[in-house]
>>> print(open('data13.pdb').read())   # PDB, C-alpha atoms
ATOM      1  CA  MET B  26     -37.697 -76.655  -2.996  1.00  0.00           C
ATOM      2  CA  ARG B  27     -35.353 -77.323  -0.117  1.00  0.00           C
ATOM      3  CA  SER B  28     -34.221 -80.681  -1.598  1.00  0.00           C
ATOM      4  CA  ARG B  29     -33.425 -79.002  -4.933  1.00  0.00           C
ATOM      5  CA  GLN B  30     -31.178 -76.492  -3.207  1.00  0.00           C
ATOM      6  CA  ALA B  31     -29.482 -79.254  -1.232  1.00  0.00           C
ATOM      7  CA  ALA B  32     -28.938 -81.296  -4.404  1.00  0.00           C
ATOM      8  CA  ALA B  33     -27.539 -78.269  -6.252  1.00  0.00           C
ATOM      9  CA  LEU B  34     -25.252 -77.450  -3.324  1.00  0.00           C
ATOM     10  CA  ALA B  35     -24.022 -81.073  -3.205  1.00  0.00           C
ATOM     11  CA  ALA B  36     -23.349 -81.065  -6.952  1.00  0.00           C
ATOM     12  CA  PHE B  37     -21.440 -77.784  -6.673  1.00  0.00           C
ATOM     13  CA  ALA B  38     -19.371 -79.086  -3.750  1.00  0.00           C
ATOM     14  CA  THR B  39     -18.514 -82.247  -5.690  1.00  0.00           C
ATOM     15  CA  LEU B  40     -17.527 -80.232  -8.762  1.00  0.00           C
ATOM     16  CA  ALA B  41     -15.422 -77.856  -6.648  1.00  0.00           C
ATOM     17  CA  ALA B  42     -13.584 -80.811  -5.126  1.00  0.00           C
ATOM     18  CA  VAL B  43     -12.954 -82.566  -8.462  1.00  0.00           C
ATOM     19  CA  LEU B  44     -11.838 -79.600 -10.595  1.00  0.00           C
ATOM     20  CA  PRO B  45      -8.590 -78.743  -8.771  1.00  0.00           C
ATOM     21  CA  ALA B  46      -7.446 -82.360  -8.954  1.00  0.00           C
ATOM     22  CA  GLY B  47      -8.021 -82.433 -12.709  1.00  0.00           C
ATOM     23  CA  CYS B  48      -6.570 -78.985 -13.409  1.00  0.00           C
ATOM     24  CA  GLY B  49      -2.962 -79.159 -12.409  1.00  0.00           C
ATOM     25  CA  GLY B  50      -3.079 -80.736  -8.974  1.00  0.00           C
ATOM     26  CA  GLY B  51      -0.637 -83.504  -9.910  1.00  0.00           C
ATOM     27  CA  PRO B  52       2.767 -83.541 -11.574  1.00  0.00           C
ATOM     28  CA  GLN B  53       2.850 -81.809 -14.937  1.00  0.00           C
ATOM     29  CA  HIS B  54       4.453 -83.404 -17.974  1.00  0.00           C
ATOM     30  CA  PRO B  55       5.563 -81.306 -20.935  1.00  0.00           C
ATOM     31  CA  PRO B  56       3.566 -81.709 -24.127  1.00  0.00           C
ATOM     32  CA  PRO B  57       5.145 -84.046 -26.683  1.00  0.00           C
ATOM     33  CA  LEU B  58       6.951 -82.819 -29.784  1.00  0.00           C
ATOM     34  CA  ARG B  59       5.450 -84.194 -33.006  1.00  0.00           C
ATOM     35  CA  GLN B  60       7.585 -84.213 -36.142  1.00  0.00           C
ATOM     36  CA  PHE B  61       7.630 -85.994 -39.474  1.00  0.00           C
ATOM     37  CA  SER B  62      10.336 -87.263 -41.789  1.00  0.00           C
ATOM     38  CA  THR B  63       9.679 -88.621 -45.269  1.00  0.00           C
ATOM     39  CA  THR B  64       8.646 -92.074 -43.982  1.00  0.00           C
ATOM     40  CA  TYR B  65       8.083 -91.742 -40.221  1.00  0.00           C
ATOM     41  CA  ALA B  66       5.935 -89.856 -37.723  1.00  0.00           C
ATOM     42  CA  PHE B  67       7.754 -89.159 -34.426  1.00  0.00           C
ATOM     43  CA  THR B  68       6.279 -88.274 -31.045  1.00  0.00           C
ATOM     44  CA  VAL B  69       9.093 -87.191 -28.713  1.00  0.00           C
ATOM     45  CA  SER B  70       8.275 -86.956 -24.998  1.00  0.00           C
ATOM     46  CA  PRO B  71      10.987 -85.757 -22.592  1.00  0.00           C
ATOM     47  CA  ASP B  72      10.509 -86.281 -18.873  1.00  0.00           C
ATOM     48  CA  ASP B  73      11.417 -82.618 -18.247  1.00  0.00           C
ATOM     49  CA  SER B  74      11.081 -79.613 -20.526  1.00  0.00           C
ATOM     50  CA  PRO B  75      12.845 -77.328 -20.783  1.00  0.00           C
ATOM     51  CA  PRO B  76      15.671 -79.468 -19.430  1.00  0.00           C
ATOM     52  CA  HIS B  77      18.281 -78.286 -16.950  1.00  0.00           C
ATOM     53  CA  ALA B  78      22.019 -78.606 -17.563  1.00  0.00           C
ATOM     54  CA  ARG B  79      23.844 -81.554 -16.005  1.00  0.00           C
ATOM     55  CA  GLN B  80      20.681 -83.574 -15.390  1.00  0.00           C
ATOM     56  CA  ASP B  81      19.736 -86.785 -17.171  1.00  0.00           C
ATOM     57  CA  ILE B  82      16.719 -86.186 -19.405  1.00  0.00           C
ATOM     58  CA  HIS B  83      14.898 -89.361 -20.449  1.00  0.00           C
ATOM     59  CA  TYR B  84      13.117 -89.342 -23.797  1.00  0.00           C
ATOM     60  CA  THR B  85      10.320 -91.630 -24.935  1.00  0.00           C
ATOM     61  CA  ILE B  86      10.088 -91.660 -28.722  1.00  0.00           C
ATOM     62  CA  GLN B  87       7.160 -93.252 -30.513  1.00  0.00           C
ATOM     63  CA  VAL B  88       7.794 -93.991 -34.188  1.00  0.00           C
ATOM     64  CA  LEU B  89       4.972 -94.717 -36.622  1.00  0.00           C
ATOM     65  CA  ASP B  90       4.875 -95.229 -40.369  1.00  0.00           C
ATOM     66  CA  ARG B  91       3.810 -91.849 -41.700  1.00  0.00           C
ATOM     67  CA  LYS B  92       1.289 -93.245 -44.216  1.00  0.00           C
ATOM     68  CA  THR B  93      -0.160 -96.305 -42.466  1.00  0.00           C
ATOM     69  CA  ARG B  94       0.237 -95.041 -38.859  1.00  0.00           C
ATOM     70  CA  GLN B  95       1.516 -98.518 -37.918  1.00  0.00           C
ATOM     71  CA  PRO B  96       4.189 -98.681 -35.180  1.00  0.00           C
ATOM     72  CA  ILE B  97       7.757 -99.304 -36.339  1.00  0.00           C
ATOM     73  CA  GLU B  98       9.162-102.231 -34.401  1.00  0.00           C
ATOM     74  CA  ASN B  99      12.857-102.958 -33.857  1.00  0.00           C
ATOM     75  CA  GLY B 100      14.163 -99.972 -35.818  1.00  0.00           C
ATOM     76  CA  GLU B 101      17.550 -98.368 -35.249  1.00  0.00           C
ATOM     77  CA  GLY B 102      18.155 -94.789 -34.226  1.00  0.00           C
ATOM     78  CA  GLN B 103      20.120 -92.226 -32.300  1.00  0.00           C
ATOM     79  CA  LEU B 104      19.136 -89.098 -30.371  1.00  0.00           C
ATOM     80  CA  PHE B 105      21.899 -86.486 -30.371  1.00  0.00           C
ATOM     81  CA  ALA B 106      22.493 -82.798 -29.675  1.00  0.00           C
ATOM     82  CA  GLU B 107      25.129 -80.081 -30.001  1.00  0.00           C
ATOM     83  CA  SER B 108      25.361 -76.732 -28.193  1.00  0.00           C
ATOM     84  CA  GLN B 109      26.347 -73.411 -29.754  1.00  0.00           C
ATOM     85  CA  ASP B 110      29.740 -73.853 -28.062  1.00  0.00           C
ATOM     86  CA  GLY B 111      30.331 -77.284 -29.622  1.00  0.00           C
ATOM     87  CA  ALA B 112      29.456 -79.479 -26.615  1.00  0.00           C
ATOM     88  CA  LYS B 113      27.844 -82.751 -27.713  1.00  0.00           C
ATOM     89  CA  THR B 114      25.671 -85.461 -26.211  1.00  0.00           C
ATOM     90  CA  TRP B 115      24.063 -88.552 -27.751  1.00  0.00           C
ATOM     91  CA  ASP B 116      22.450 -91.894 -27.002  1.00  0.00           C
ATOM     92  CA  GLY B 117      21.241 -94.853 -29.014  1.00  0.00           C
ATOM     93  CA  MET B 118      17.506 -95.413 -29.090  1.00  0.00           C
ATOM     94  CA  ALA B 119      16.662 -98.621 -27.211  1.00  0.00           C
ATOM     95  CA  TYR B 120      13.482-100.394 -28.292  1.00  0.00           C
ATOM     96  CA  GLY B 121      10.801-100.616 -25.884  1.00  0.00           C
ATOM     97  CA  PRO B 122       8.607-102.620 -24.049  1.00  0.00           C
ATOM     98  CA  GLU B 123       5.807-100.621 -25.686  1.00  0.00           C
ATOM     99  CA  VAL B 124       5.161-101.385 -29.366  1.00  0.00           C
ATOM    100  CA  GLY B 125       6.815 -98.809 -31.636  1.00  0.00           C
ATOM    101  CA  THR B 126       8.403 -96.977 -28.699  1.00  0.00           C
ATOM    102  CA  TYR B 127      12.081 -96.255 -28.100  1.00  0.00           C
ATOM    103  CA  HIS B 128      13.962 -94.761 -25.149  1.00  0.00           C
ATOM    104  CA  ALA B 129      17.063 -92.581 -24.976  1.00  0.00           C
ATOM    105  CA  LYS B 130      18.765 -90.321 -22.429  1.00  0.00           C
ATOM    106  CA  LEU B 131      20.648 -87.054 -22.903  1.00  0.00           C
ATOM    107  CA  ASN B 132      22.669 -85.008 -20.441  1.00  0.00           C
ATOM    108  CA  PHE B 133      23.163 -81.420 -21.589  1.00  0.00           C
ATOM    109  CA  VAL B 134      26.462 -80.343 -20.004  1.00  0.00           C
ATOM    110  CA  VAL B 135      25.944 -76.582 -20.408  1.00  0.00           C
ATOM    111  CA  ALA B 136      22.981 -74.232 -20.470  1.00  0.00           C
ATOM    112  CA  GLY B 137      22.022 -72.454 -23.684  1.00  0.00           C
ATOM    113  CA  THR B 138      20.439 -73.293 -27.003  1.00  0.00           C
ATOM    114  CA  TRP B 139      21.073 -76.782 -28.362  1.00  0.00           C
ATOM    115  CA  ALA B 140      20.395 -78.272 -31.797  1.00  0.00           C
ATOM    116  CA  VAL B 141      18.761 -81.672 -31.192  1.00  0.00           C
ATOM    117  CA  ALA B 142      18.117 -84.362 -33.792  1.00  0.00           C
ATOM    118  CA  ILE B 143      17.062 -87.946 -34.331  1.00  0.00           C
ATOM    119  CA  ARG B 144      18.475 -90.281 -36.996  1.00  0.00           C
ATOM    120  CA  PHE B 145      16.318 -93.344 -37.579  1.00  0.00           C
ATOM    121  CA  HIS B 146      15.565 -96.178 -39.993  1.00  0.00           C
ATOM    122  CA  SER B 147      13.324 -99.216 -39.704  1.00  0.00           C
ATOM    123  CA  ASP B 148      16.133-101.550 -40.766  1.00  0.00           C
ATOM    124  CA  SER B 149      19.691-101.396 -42.090  1.00  0.00           C
ATOM    125  CA  LEU B 150      18.550-101.716 -45.716  1.00  0.00           C
ATOM    126  CA  ARG B 151      16.629 -98.429 -45.558  1.00  0.00           C
ATOM    127  CA  PRO B 152      18.249 -94.978 -45.514  1.00  0.00           C
ATOM    128  CA  LEU B 153      18.563 -93.039 -42.273  1.00  0.00           C
ATOM    129  CA  GLU B 154      16.005 -90.237 -41.968  1.00  0.00           C
ATOM    130  CA  ARG B 155      16.496 -87.233 -39.733  1.00  0.00           C
ATOM    131  CA  ILE B 156      14.383 -84.741 -37.804  1.00  0.00           C
ATOM    132  CA  ASP B 157      15.826 -81.646 -36.071  1.00  0.00           C
ATOM    133  CA  TRP B 158      14.698 -79.085 -33.504  1.00  0.00           C
ATOM    134  CA  MET B 159      16.166 -76.418 -31.235  1.00  0.00           C
ATOM    135  CA  GLN B 160      16.065 -76.835 -27.455  1.00  0.00           C
ATOM    136  CA  ASP B 161      16.715 -74.281 -24.705  1.00  0.00           C
ATOM    137  CA  VAL B 162      18.567 -75.772 -21.737  1.00  0.00           C
ATOM    138  CA  LEU B 163      18.379 -73.962 -18.396  1.00  0.00           C
ATOM    139  CA  ASN B 164      20.963 -73.611 -15.642  1.00  0.00           C
ATOM    140  CA  ASP B 165      20.226 -75.526 -12.457  1.00  0.00           C
ATOM    141  CA  ARG B 166      19.375 -72.244 -10.736  1.00  0.00           C
ATOM    142  CA  ASP B 167      16.991 -71.038 -13.477  1.00  0.00           C
ATOM    143  CA  THR B 168      13.336 -71.264 -12.624  1.00  0.00           C
ATOM    144  CA  ILE B 169      10.284 -71.194 -14.817  1.00  0.00           C
ATOM    145  CA  ILE B 170       7.429 -68.934 -13.826  1.00  0.00           C
ATOM    146  CA  PRO B 171       4.125 -70.298 -15.179  1.00  0.00           C
TER
END
>>> encode(input="data13.pdb", output="structure tokens")
Amino acid sequence: MRSRQAAALAAFATLAAVLPAGCGGGPQHPPPLRQFSTTYAFTVSPDDSPPHARQDIHYTIQVLDRKTRQPIENGEGQLFAESQDGAKTWDGMAYGPEVGTYHAKLNFVVAGTWAVAIRFHSDSLRPLERIDWMQDVLNDRDTIIP
């Protein structure tokens, strides 16, 4: 009986030590945004969300063929945004080292609500397709309470 209690106590102690590490102990990354155009499936992952004004926000954008789910290699695209006040920011999407993955960086110059979009095509013979979303941008002094 005593060995059962010791084994149960050891299992509980191990579980208690492992759970905090797996439940938010490390750095948190925002969930990706998933959107679809006519031909493509986009997974947009910013390194910080919501972003803060006047800070570089790096985006990783995975592009797949919507029907076949195959990665789109060496496509062309642009990530761009405009604030309610008319401020603009944009960057070309640089292809990867990861297959079907592109990288871009935005710097939102003012806080507020921004309209963000991606224009993309797999090659210059295909039409540009566009996805859009709205993004809140915080001041540097704003904090998020979980």
>>> closest_residue(input="data13.pdb", among="B:Thr85, B:Thr68, B:Ser62, B:Ser147", to="Glu98 in chain B", atoms="all atoms listed in the file")
B:Ser147
>>> residues_around(input="data13.pdb", residues="Asp116 in chain B", least_positions_apart="3", cutoff="10 Å", atoms="only C-alpha atoms", output="number ranges by chain")
B: 102-106, 119, 128-132, 143
>>> atom_distance(input="data13.pdb", atom1="CA of Arg59 in chain B", atom2="CA of Ser74 in chain B")
14.4 Å
>>> closest_residue(input="data13.pdb", among="B:Met118, B:Val141, B:Leu153, B:Val134", to="His77 in chain B", atoms="only C-alpha atoms")
B:Val134
>>> closest_residue(input="data13.pdb", among="B:Asp161, B:Glu154, B:Asp110, B:Asp90", to="Ala66 in chain B", atoms="all atoms listed in the file")
B:Asp90
>>> atom_distance(input="data13.pdb", atom1="CA of Asp81 in chain B", atom2="CA of Phe145 in chain B")
21.7 Å
>>> closest_residue(input="data13.pdb", among="B:Leu89, B:Ala78, B:Met159, B:Ala142", to="Thr64 in chain B", atoms="all atoms listed in the file")
B:Leu89
>>> resolve_selection(input="data13.pdb", expression="the PyMOL selection byres ((chain B and resi 125) around 6)", output="PyMOL selection string")
chain B and resi 87-88+96-98+124+126
>>> atom_distance(input="data13.pdb", atom1="CA of His54 in chain B", atom2="CA of Arg94 in chain B")
24.3 Å
>>> residues_around(input="data13.pdb", residues="Val162 in chain B", least_positions_apart="4", cutoff="7 Å", atoms="all atoms listed in the file", output="PyMOL selection string")
chain B and resi 75-78+136-138
>>> closest_residue(input="data13.pdb", among="B:Ala140, B:Leu150, B:Val135, B:Leu58", to="Gly100 in chain B", atoms="only C-alpha atoms")
B:Leu150
>>> closest_residue(input="data13.pdb", among="B:His146, B:Tyr65, B:Pro152, B:Arg79", to="Gln95 in chain B", atoms="all atoms listed in the file")
B:Tyr65
>>> axis_aligned_box(input="data13.pdb", around="range 102-105 of chain B", padding_each_side="3 Å", output="AutoDock Vina command-line options")
--center_x 20.0 --center_y -90.6 --center_z -32.3 --size_x 9.7 --size_y 14.3 --size_z 9.9
